[in-house]
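Q: This is protein_5.cif (mmCIF, C-alpha atoms).
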data_data
#
loop_
_atom_site.group_PDB
_atom_site.id
_atom_site.type_symbol
_atom_site.label_atom_id
_atom_site.label_comp_id
_atom_site.auth_asym_id
_atom_site.auth_seq_id
_atom_site.Cartn_x
_atom_site.Cartn_y
_atom_site.Cartn_z
ATOM 1 C CA MET F 35 -23.503 -33.118 -52.862
ATOM 2 C CA SER F 36 -26.548 -34.701 -51.328
ATOM 3 C CA ALA F 37 -28.363 -33.029 -48.450
ATOM 4 C CA GLY F 38 -27.490 -35.909 -46.138
ATOM 5 C CA ARG F 39 -23.779 -35.665 -46.995
ATOM 6 C CA PHE F 40 -23.802 -31.889 -46.438
ATOM 7 C CA THR F 41 -25.533 -32.280 -43.070
ATOM 8 C CA PHE F 42 -22.984 -34.870 -42.019
ATOM 9 C CA LEU F 43 -20.002 -32.679 -42.947
ATOM 10 C CA ALA F 44 -21.546 -29.604 -41.320
ATOM 11 C CA ALA F 45 -22.177 -31.501 -38.098
ATOM 12 C CA ARG F 46 -18.647 -32.846 -38.198
ATOM 13 C CA TRP F 47 -17.021 -29.422 -38.566
ATOM 14 C CA ILE F 48 -19.296 -27.915 -35.944
ATOM 15 C CA SER F 49 -18.302 -30.683 -33.554
ATOM 16 C CA ILE F 50 -14.605 -30.027 -34.261
ATOM 17 C CA ALA F 51 -15.087 -26.278 -33.710
ATOM 18 C CA VAL F 52 -16.928 -26.849 -30.439
ATOM 19 C CA GLY F 53 -14.235 -29.273 -29.311
ATOM 20 C CA LEU F 54 -11.453 -26.834 -30.138
ATOM 21 C CA ALA F 55 -13.285 -24.032 -28.337
ATOM 22 C CA ALA F 56 -13.733 -26.241 -25.285
ATOM 23 C CA LEU F 57 -10.053 -27.219 -25.387
ATOM 24 C CA ALA F 58 -9.012 -23.565 -25.679
ATOM 25 C CA TRP F 59 -11.275 -22.707 -22.731
ATOM 26 C CA LEU F 60 -9.701 -25.451 -20.633
ATOM 27 C CA LEU F 61 -6.166 -24.458 -21.647
ATOM 28 C CA TRP F 62 -6.885 -20.810 -20.813
ATOM 29 C CA HIS F 63 -8.146 -21.690 -17.342
ATOM 30 C CA PHE F 64 -5.196 -24.012 -16.836
ATOM 31 C CA TYR F 65 -2.818 -21.203 -17.813
ATOM 32 C CA VAL F 66 -4.563 -18.673 -15.536
ATOM 33 C CA TYR F 67 -4.346 -21.069 -12.611
ATOM 34 C CA LEU F 68 -0.662 -21.896 -13.142
ATOM 35 C CA ALA F 69 0.400 -18.299 -13.841
ATOM 36 C CA SER F 70 -1.475 -16.901 -10.833
ATOM 37 C CA GLU F 71 -0.318 -19.759 -8.591
ATOM 38 C CA ALA F 72 3.285 -18.931 -9.468
ATOM 39 C CA VAL F 73 2.738 -15.393 -8.153
ATOM 40 C CA ILE F 74 0.726 -16.463 -5.104
ATOM 41 C CA GLU F 75 3.200 -19.151 -4.031
ATOM 42 C CA ARG F 76 6.351 -17.230 -4.859
ATOM 43 C CA ARG F 77 8.885 -17.052 -2.033
ATOM 44 C CA TYR F 78 11.116 -14.056 -1.370
ATOM 45 C CA THR F 79 14.387 -13.769 0.500
ATOM 46 C CA LEU F 80 13.702 -12.924 4.138
ATOM 47 C CA PRO F 81 15.943 -10.013 5.203
ATOM 48 C CA SER F 82 17.676 -10.289 8.556
ATOM 49 C CA SER F 83 16.291 -8.204 11.407
ATOM 50 C CA LEU F 84 17.931 -6.443 14.352
ATOM 51 C CA VAL F 85 14.844 -4.854 15.931
ATOM 52 C CA HIS F 86 13.713 -5.767 19.438
ATOM 53 C CA SER F 87 10.460 -4.799 21.114
ATOM 54 C CA SER F 88 10.384 -3.241 24.552
ATOM 55 C CA LYS F 89 8.116 -3.187 27.592
ATOM 56 C CA ASP F 90 9.043 0.388 28.370
ATOM 57 C CA ALA F 91 5.920 2.549 28.797
ATOM 58 C CA ALA F 92 7.373 5.428 26.765
ATOM 59 C CA ASP F 93 8.103 3.120 23.818
ATOM 60 C CA ILE F 94 4.579 1.703 23.927
ATOM 61 C CA VAL F 95 3.045 5.196 23.956
ATOM 62 C CA GLN F 96 5.262 6.243 21.038
ATOM 63 C CA GLY F 97 4.290 3.083 19.162
ATOM 64 C CA LYS F 98 0.606 3.937 19.483
ATOM 65 C CA HIS F 99 1.320 7.439 18.189
ATOM 66 C CA TRP F 100 3.027 6.090 15.079
ATOM 67 C CA MET F 101 0.256 3.561 14.484
ATOM 68 C CA ILE F 102 -2.327 6.359 14.590
ATOM 69 C CA VAL F 103 -0.630 8.887 12.318
ATOM 70 C CA THR F 104 0.512 6.285 9.776
ATOM 71 C CA GLY F 105 -2.941 4.719 9.447
ATOM 72 C CA CYS F 106 -2.472 1.278 11.033
ATOM 73 C CA PHE F 107 -5.760 1.490 12.947
ATOM 74 C CA GLY F 108 -7.585 2.423 9.742
ATOM 75 C CA CYS F 109 -6.927 -1.021 8.266
ATOM 76 C CA HIS F 110 -6.576 -3.209 11.347
ATOM 77 C CA GLY F 111 -9.377 -1.615 13.382
ATOM 78 C CA ASP F 112 -9.311 0.301 16.657
ATOM 79 C CA ASN F 113 -8.680 -2.914 18.602
ATOM 80 C CA LEU F 114 -6.211 -4.315 16.025
ATOM 81 C CA LYS F 115 -8.443 -7.389 15.515
ATOM 82 C CA GLY F 116 -8.522 -6.835 11.752
ATOM 83 C CA ARG F 117 -11.434 -6.201 9.417
ATOM 84 C CA LEU F 118 -12.595 -6.883 5.887
ATOM 85 C CA LEU F 119 -10.949 -4.545 3.388
ATOM 86 C CA ARG F 120 -12.534 -3.874 0.016
ATOM 87 C CA ASP F 121 -9.906 -1.468 -1.336
ATOM 88 C CA ASN F 122 -9.269 -3.757 -4.292
ATOM 89 C CA PRO F 123 -12.441 -4.980 -6.030
ATOM 90 C CA ASP F 124 -10.625 -8.059 -7.294
ATOM 91 C CA LEU F 125 -9.619 -9.326 -3.843
ATOM 92 C CA PRO F 126 -11.586 -8.484 -0.697
ATOM 93 C CA ILE F 127 -9.210 -9.414 2.094
ATOM 94 C CA HIS F 128 -9.159 -9.480 5.878
ATOM 95 C CA SER F 129 -6.422 -7.404 7.447
ATOM 96 C CA GLY F 130 -4.492 -9.361 10.033
ATOM 97 C CA ASP F 131 -5.518 -9.656 13.671
ATOM 98 C CA LEU F 132 -2.303 -8.215 15.078
ATOM 99 C CA THR F 133 -3.047 -9.332 18.626
ATOM 100 C CA ALA F 134 -3.353 -12.931 17.451
ATOM 101 C CA LEU F 135 -0.058 -12.704 15.579
ATOM 102 C CA THR F 136 1.844 -11.931 18.781
ATOM 103 C CA ALA F 137 1.631 -15.612 19.690
ATOM 104 C CA THR F 138 3.518 -16.761 16.587
ATOM 105 C CA TYR F 139 5.346 -13.741 15.133
ATOM 106 C CA THR F 140 8.827 -12.871 16.314
ATOM 107 C CA ASP F 141 9.943 -9.236 16.386
ATOM 108 C CA GLY F 142 11.738 -9.921 13.120
ATOM 109 C CA ASP F 143 8.550 -11.323 11.568
ATOM 110 C CA PHE F 144 6.680 -8.136 12.471
ATOM 111 C CA GLU F 145 9.484 -5.982 11.119
ATOM 112 C CA ARG F 146 9.537 -7.846 7.790
ATOM 113 C CA ALA F 147 5.752 -7.539 7.533
ATOM 114 C CA ILE F 148 5.902 -3.789 8.170
ATOM 115 C CA ARG F 149 8.862 -2.918 5.991
ATOM 116 C CA HIS F 150 8.826 -5.626 3.339
ATOM 117 C CA GLY F 151 5.280 -6.989 3.191
ATOM 118 C CA LEU F 152 6.452 -10.556 3.830
ATOM 119 C CA THR F 153 4.961 -13.329 5.933
ATOM 120 C CA PRO F 154 7.209 -15.534 8.104
ATOM 121 C CA ASP F 155 7.164 -18.231 5.410
ATOM 122 C CA ALA F 156 8.461 -15.697 2.841
ATOM 123 C CA ARG F 157 5.167 -15.264 1.000
ATOM 124 C CA PRO F 158 4.099 -11.786 -0.149
ATOM 125 C CA MET F 159 1.298 -9.798 1.461
ATOM 126 C CA TRP F 160 -1.328 -8.308 -0.836
ATOM 127 C CA LEU F 161 -2.600 -5.059 0.667
ATOM 128 C CA MET F 162 0.065 -4.132 3.214
ATOM 129 C CA PRO F 163 1.491 -0.707 2.117
ATOM 130 C CA SER F 164 5.064 -1.673 2.976
ATOM 131 C CA ASP F 165 6.517 0.649 0.366
ATOM 132 C CA THR F 166 5.431 3.495 2.652
ATOM 133 C CA TYR F 167 7.145 1.999 5.702
ATOM 134 C CA ALA F 168 10.238 0.544 4.030
ATOM 135 C CA TYR F 169 12.527 3.235 5.434
ATOM 136 C CA MET F 170 10.871 3.664 8.833
ATOM 137 C CA ARG F 171 13.496 4.115 11.522
ATOM 138 C CA ASP F 172 14.401 1.085 13.630
ATOM 139 C CA LYS F 173 13.346 2.751 16.876
ATOM 140 C CA ASP F 174 9.906 3.559 15.444
ATOM 141 C CA VAL F 175 9.410 0.010 14.152
ATOM 142 C CA GLU F 176 10.411 -1.254 17.602
ATOM 143 C CA ALA F 177 7.928 1.122 19.242
ATOM 144 C CA ILE F 178 5.095 -0.143 17.016
ATOM 145 C CA ILE F 179 5.911 -3.773 17.788
ATOM 146 C CA SER F 180 6.112 -2.890 21.487
ATOM 147 C CA TYR F 181 2.615 -1.408 21.375
ATOM 148 C CA ILE F 182 1.197 -4.445 19.557
ATOM 149 C CA ARG F 183 2.754 -6.819 22.087
ATOM 150 C CA GLY F 184 1.322 -4.723 24.904
ATOM 151 C CA GLN F 185 -2.271 -5.438 23.840
ATOM 152 C CA PRO F 186 -4.355 -8.387 25.125
ATOM 153 C CA ALA F 187 -3.544 -11.354 22.929
ATOM 154 C CA ASP F 188 -6.240 -13.050 20.866
ATOM 155 C CA ARG F 189 -6.340 -16.669 19.778
ATOM 156 C CA VAL F 190 -8.662 -16.541 16.771
ATOM 157 C CA PRO F 191 -7.533 -18.253 13.551
ATOM 158 C CA ILE F 192 -5.844 -15.961 11.029
ATOM 159 C CA LYS F 193 -7.992 -15.482 7.913
ATOM 160 C CA LYS F 194 -5.981 -16.059 4.771
ATOM 161 C CA PRO F 195 -6.771 -14.551 1.346
ATOM 162 C CA LYS F 196 -9.040 -16.627 -0.893
ATOM 163 C CA PHE F 197 -8.084 -16.383 -4.544
ATOM 164 C CA ASP F 198 -11.122 -17.073 -6.699
ATOM 165 C CA TRP F 199 -11.097 -16.957 -10.482
ATOM 166 C CA LYS F 200 -11.771 -13.222 -10.519
ATOM 167 C CA ALA F 201 -8.700 -12.622 -8.382
ATOM 168 C CA ARG F 202 -6.578 -15.035 -10.412
ATOM 169 C CA ARG F 203 -7.559 -13.344 -13.678
ATOM 170 C CA ALA F 204 -6.653 -9.984 -12.135
ATOM 171 C CA ILE F 205 -3.237 -11.347 -11.150
ATOM 172 C CA VAL F 206 -2.553 -12.565 -14.683
ATOM 173 C CA ALA F 207 -3.769 -9.252 -16.131
ATOM 174 C CA GLY F 208 -1.461 -7.326 -13.790
ATOM 175 C CA ARG F 209 -4.284 -5.512 -11.974
ATOM 176 C CA LEU F 210 -3.562 -7.329 -8.729
ATOM 177 C CA VAL F 211 0.034 -7.526 -7.548
ATOM 178 C CA PRO F 212 1.562 -8.297 -4.145
ATOM 179 C CA MET F 213 2.732 -5.329 -2.095
ATOM 180 C CA THR F 214 6.208 -6.680 -1.365
ATOM 181 C CA PRO F 215 8.403 -3.661 -2.139
ATOM 182 C CA LYS F 216 11.668 -3.634 -3.997
ATOM 183 C CA ALA F 217 14.105 -1.050 -2.703
ATOM 184 C CA ASP F 218 15.058 0.161 -6.182
ATOM 185 C CA GLU F 219 11.406 0.804 -7.076
ATOM 186 C CA ILE F 220 10.346 2.805 -4.003
ATOM 187 C CA LEU F 221 9.616 6.442 -4.656
ATOM 188 C CA GLY F 222 10.604 8.829 -1.899
ATOM 189 C CA PRO F 223 10.134 12.539 -1.190
ATOM 190 C CA ALA F 224 12.957 14.815 -2.326
ATOM 191 C CA ASP F 225 15.879 15.046 0.101
ATOM 192 C CA LEU F 226 16.319 18.728 1.000
ATOM 193 C CA GLY F 227 19.092 18.230 3.542
ATOM 194 C CA PRO F 228 19.269 17.635 7.293
ATOM 195 C CA ARG F 229 17.296 20.773 8.162
ATOM 196 C CA TYR F 230 14.148 19.227 6.694
ATOM 197 C CA ASP F 231 14.738 15.560 7.547
ATOM 198 C CA GLY F 232 11.959 15.465 10.150
ATOM 199 C CA GLY F 233 9.317 16.835 7.809
ATOM 200 C CA ARG F 234 10.451 14.611 4.964
ATOM 201 C CA TYR F 235 10.218 11.574 7.231
ATOM 202 C CA LEU F 236 6.662 12.447 8.287
ATOM 203 C CA ALA F 237 5.645 13.062 4.680
ATOM 204 C CA SER F 238 6.966 9.672 3.575
ATOM 205 C CA LEU F 239 5.059 7.851 6.341
ATOM 206 C CA SER F 240 1.797 9.777 6.468
ATOM 207 C CA CYS F 241 1.282 11.486 3.108
ATOM 208 C CA ALA F 242 2.778 9.135 0.527
ATOM 209 C CA GLN F 243 -0.032 6.562 0.695
ATOM 210 C CA CYS F 244 -2.408 8.965 -1.055
ATOM 211 C CA HIS F 245 -0.135 11.551 -2.670
ATOM 212 C CA ARG F 246 2.383 9.101 -4.201
ATOM 213 C CA GLY F 247 5.830 8.366 -2.863
ATOM 214 C CA ASP F 248 7.403 11.500 -4.332
ATOM 215 C CA LEU F 249 4.362 13.590 -3.268
ATOM 216 C CA THR F 250 3.563 14.605 -6.856
ATOM 217 C CA GLY F 251 -0.042 13.463 -6.494
ATOM 218 C CA SER F 252 -2.075 10.457 -7.540
ATOM 219 C CA GLY F 253 -5.706 10.300 -8.652
ATOM 220 C CA ASN F 254 -7.697 12.904 -6.750
ATOM 221 C CA ALA F 255 -4.831 13.576 -4.324
ATOM 222 C CA PRO F 256 -2.944 16.663 -5.552
ATOM 223 C CA ASP F 257 0.754 17.405 -5.730
ATOM 224 C CA LEU F 258 1.674 18.601 -2.239
ATOM 225 C CA ASN F 259 3.165 21.754 -3.741
ATOM 226 C CA ILE F 260 -0.378 22.924 -3.083
ATOM 227 C CA THR F 261 0.794 23.492 0.499
ATOM 228 C CA ALA F 262 2.222 26.821 -0.683
ATOM 229 C CA LYS F 263 -1.362 28.099 -0.894
ATOM 230 C CA TYR F 264 -1.757 27.621 2.862
ATOM 231 C CA THR F 265 -0.464 29.807 5.640
ATOM 232 C CA ARG F 266 0.976 27.975 8.616
ATOM 233 C CA SER F 267 -2.204 28.448 10.656
ATOM 234 C CA GLN F 268 -4.333 27.267 7.716
ATOM 235 C CA PHE F 269 -2.134 24.167 7.418
ATOM 236 C CA PHE F 270 -2.774 23.404 11.080
ATOM 237 C CA GLN F 271 -6.520 23.681 10.392
ATOM 238 C CA LEU F 272 -6.135 21.334 7.413
ATOM 239 C CA LEU F 273 -4.457 18.590 9.439
ATOM 240 C CA TYR F 274 -6.340 18.999 12.709
ATOM 241 C CA ARG F 275 -9.837 19.624 11.315
ATOM 242 C CA GLY F 276 -9.763 18.769 7.600
ATOM 243 C CA HIS F 277 -10.628 22.341 6.565
ATOM 244 C CA SER F 278 -9.091 24.310 3.709
ATOM 245 C CA PRO F 279 -9.313 28.121 3.422
ATOM 246 C CA HIS F 280 -12.425 27.493 1.320
ATOM 247 C CA GLY F 281 -14.193 25.148 3.724
ATOM 248 C CA TRP F 282 -14.611 21.507 4.667
ATOM 249 C CA LEU F 283 -12.779 18.858 2.611
ATOM 250 C CA PRO F 284 -14.631 15.510 2.306
ATOM 251 C CA THR F 285 -11.419 13.473 1.965
ATOM 252 C CA MET F 286 -9.222 15.212 4.514
ATOM 253 C CA SER F 287 -11.857 15.624 7.215
ATOM 254 C CA PRO F 288 -12.130 11.920 8.172
ATOM 255 C CA LEU F 289 -8.345 11.561 7.955
ATOM 256 C CA ALA F 290 -7.926 14.559 10.227
ATOM 257 C CA ARG F 291 -10.314 13.107 12.804
ATOM 258 C CA ALA F 292 -8.813 9.613 12.713
ATOM 259 C CA ARG F 293 -5.114 10.373 12.257
ATOM 260 C CA PHE F 294 -3.715 13.818 11.707
ATOM 261 C CA ARG F 295 -5.192 15.597 14.727
ATOM 262 C CA TYR F 296 -2.877 13.411 16.797
ATOM 263 C CA PHE F 297 0.211 15.013 15.289
ATOM 264 C CA HIS F 298 2.219 17.025 17.778
ATOM 265 C CA ASP F 299 2.504 20.720 16.961
ATOM 266 C CA TYR F 300 6.228 20.385 16.312
ATOM 267 C CA GLU F 301 5.518 17.608 13.799
ATOM 268 C CA VAL F 302 3.023 19.755 11.896
ATOM 269 C CA ASN F 303 5.543 22.610 11.849
ATOM 270 C CA ALA F 304 8.282 20.308 10.537
ATOM 271 C CA LEU F 305 5.968 18.897 7.856
ATOM 272 C CA TYR F 306 4.876 22.365 6.763
ATOM 273 C CA ASP F 307 8.462 23.633 6.573
ATOM 274 C CA TYR F 308 9.478 20.673 4.435
ATOM 275 C CA LEU F 309 6.560 20.980 2.023
ATOM 276 C CA ILE F 310 7.123 24.711 1.598
ATOM 277 C CA ALA F 311 10.833 24.150 0.956
ATOM 278 C CA ARG F 312 9.962 21.399 -1.519
ATOM 279 C CA LYS F 313 7.879 23.904 -3.507
ATOM 280 C CA THR F 314 11.080 25.803 -4.364
ATOM 281 C CA LEU F 315 12.528 22.830 -6.277
ATOM 282 C CA PRO F 316 12.498 23.220 -10.069
ATOM 283 C CA ALA F 317 9.685 21.230 -11.659
ATOM 284 C CA TRP F 318 10.615 18.162 -13.691
ATOM 285 C CA THR F 319 10.211 18.318 -17.430
ATOM 286 C CA LYS F 320 7.980 15.770 -19.159
ATOM 287 C CA GLU F 321 11.115 14.059 -20.457
ATOM 288 C CA GLN F 322 12.632 13.770 -16.966
ATOM 289 C CA ARG F 323 9.391 12.367 -15.550
ATOM 290 C CA ALA F 324 9.082 9.828 -18.402
ATOM 291 C CA GLU F 325 12.714 8.757 -17.950
ATOM 292 C CA PHE F 326 12.224 8.327 -14.192
ATOM 293 C CA ASN F 327 9.016 6.313 -14.630
ATOM 294 C CA GLU F 328 10.721 4.059 -17.148
ATOM 295 C CA SER F 329 13.710 3.438 -14.856
ATOM 296 C CA ALA F 330 11.325 2.651 -11.975
ATOM 297 C CA GLY F 331 9.405 0.166 -14.096
ATOM 298 C CA GLN F 332 6.217 2.239 -14.114
ATOM 299 C CA LYS F 333 3.826 2.785 -16.973
ATOM 300 C CA PRO F 334 4.130 6.263 -18.524
ATOM 301 C CA GLU F 335 1.426 8.680 -17.517
ATOM 302 C CA PRO F 336 -1.068 9.344 -20.331
ATOM 303 C CA ALA F 337 -0.874 12.717 -22.022
ATOM 304 C CA PRO F 338 -3.651 15.098 -20.954
ATOM 305 C CA LYS F 339 -6.551 15.419 -23.346
ATOM 306 C CA LYS F 340 -6.808 18.709 -25.173
#
Would you mind giving the structure from this file in structure tokens?

A:
Amino acid sequence: MSAGRFTFLAARWISIAVGLAALAWLLWHFYVYLASEAVIERRYTLPSSLVHSSKDAADIVQGKHWMIVTGCFGCHGDNLKGRLLRDNPDLPIHSGDLTALTATYTDGDFERAIRHGLTPDARPMWLMPSDTYAYMRDKDVEAIISYIRGQPADRVPIKKPKFDWKARRAIVAGRLVPMTPKADEILGPADLGPRYDGGRYLASLSCAQCHRGDLTGSGNAPDLNITAKYTRSQFFQLLYRGHSPHGWLPTMSPLARARFRYFHDYEVNALYDYLIARKTLPAWTKEQRAEFNESAGQKPEPAPKK
């Protein structure tokens, strides 16, 4: 084969390879766009709502209390005007300006946002921890809405999430998912009977965001069986000041200042009683935990390294 012929064939095959690579690149981006768009634009069934806000002063005060201890001000800001959240590196997002929403949101719209993570047009929200609030009592949801409606209304445009290619790739990879909860997938603290209902309720609203829905711990947040190492007075110091028996805790201290020091004493007592009673439950075996995770659609936890 002559040198000219060889050069011609080599250039031809290189051109074909480059063309195929370019086509694959275009097809991949087309797939990422369509697959992510299907998630972004998905519509969910809007549940009916029976909650109604109130102008009663006591309800408004109670609403503020629940917004403090459940962390609403942490995301939406002290004035509820919203702020930029960078909790997920794939999608920086502005939390909603709740005072601006009062002009367009009905009480039912607020309730569906709180409990189900849904917008009025049935789209999913992306960082709203609705799985924590899914079983919040009606009267407490109504109190929260009452407090929001009692604030001076704003008229600034609502900032919507912007899904760039990094975010879309994260959606396709499963690293970024909407927060719209499904009732059969929501973990909840163990039910220890009516005596401990108050403490269980507080744990589900205020502790589950960090310590996992069943309070068994997640990441650096430990299983709340650790409460058994605290006396009642030490537990009060933990929630009100962020101090353990061994000193200042860098994670709990800011939470104590911003949220937990506003707990009433009777709420701290109820929470402590529940967590101590929970410690007496028999621990799950590895097989029981794996079976539960599988039924809840969760990835199995990796085995600890030896």

Q: Looking at F:Arg295, F:Met162, F:Arg183, F:Leu305, which one is nearest to Asp231 (chain F), with distances taken over all atoms listed in the file?

A: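 Looking at the shortest contact to Asp231 (chain F), the residue is F:Leu305.
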
Q: Hey, which of F:Ile192, F:Ala156, F:Ile182, F:Leu57 ends up closest to His128 (chain F)? Count all atoms listed in the file.

A: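 For His128 (chain F), the nearest of the candidates is F:Ile192.
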
Q: Can you list, as a ChimeraX atom specification, every protein, DNA or RNA residue that comes within 9 Å of Asn259 (chain F) when you count only C-alpha atoms, leaving out same-chain residues fewer than 4 positions away?

A: /F:249-250,263,309-310,312-314

Q: Region 87-100 of chain F: which residues within 7 Å, counting all atoms listed in the file, same-chain residues fewer than 6 positions away excluded, as an MDAnalysis selection string?

A: chainID F and resid 141 174 176:181

Q: Applying the PyMOL selection byres ((chain F and resi 274) around 7) to the file I just gave you, which residues come out? Please list them as a ChimeraX atom specification.

A: /F:270-273,275-276,290,294-295

Q: Please produce an output containing C-alpha atoms for each residue in the selection, written as a compact mmCIF listing (two decimals), keeping the file's coordinate frame.

A:
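So out.txt came out as:
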# COMPACT_ATOMS: atom_id res chain seq x y z
CA PHE F 270 -2.77 23.40 11.08
CA GLN F 271 -6.52 23.68 10.39
CA LEU F 272 -6.14 21.33 7.41
CA LEU F 273 -4.46 18.59 9.44
CA ARG F 275 -9.84 19.62 11.32
CA GLY F 276 -9.76 18.77 7.60
CA ALA F 290 -7.93 14.56 10.23
CA PHE F 294 -3.72 13.82 11.71
CA ARG F 295 -5.19 15.60 14.73

Q: From the list F:Thr138, F:Ser252, F:Asn113, F:Ser70, which residue is nearest Val206 (chain F) when using only C-alpha atoms?

A: F:Ser70

Q: Using the chain letters and numbering of this document, enumerate as a PyMOL selection string the residues selected by the PyMOL selection byres ((chain F and resi 211) around 10).

A: chain F and resi 73-74+158-161+204-210+212-214

Q: What does the distance from CA of Thr104 (chain F) to CA of Ser240 (chain F) come to in Å, to one decimal?

A: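 If I compute the distance from CA of Thr104 (chain F) to CA of Ser240 (chain F), I get 5.0 Å.
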
Q: Can you tell me, as a ChimeraX atom specification, what residues are no more than 7 Å from region 145-148 of chain F when counting all atoms listed in the file, ignoring any on the same chain fewer than 4 positions away?

A: /F:141,152-153,164,167,175
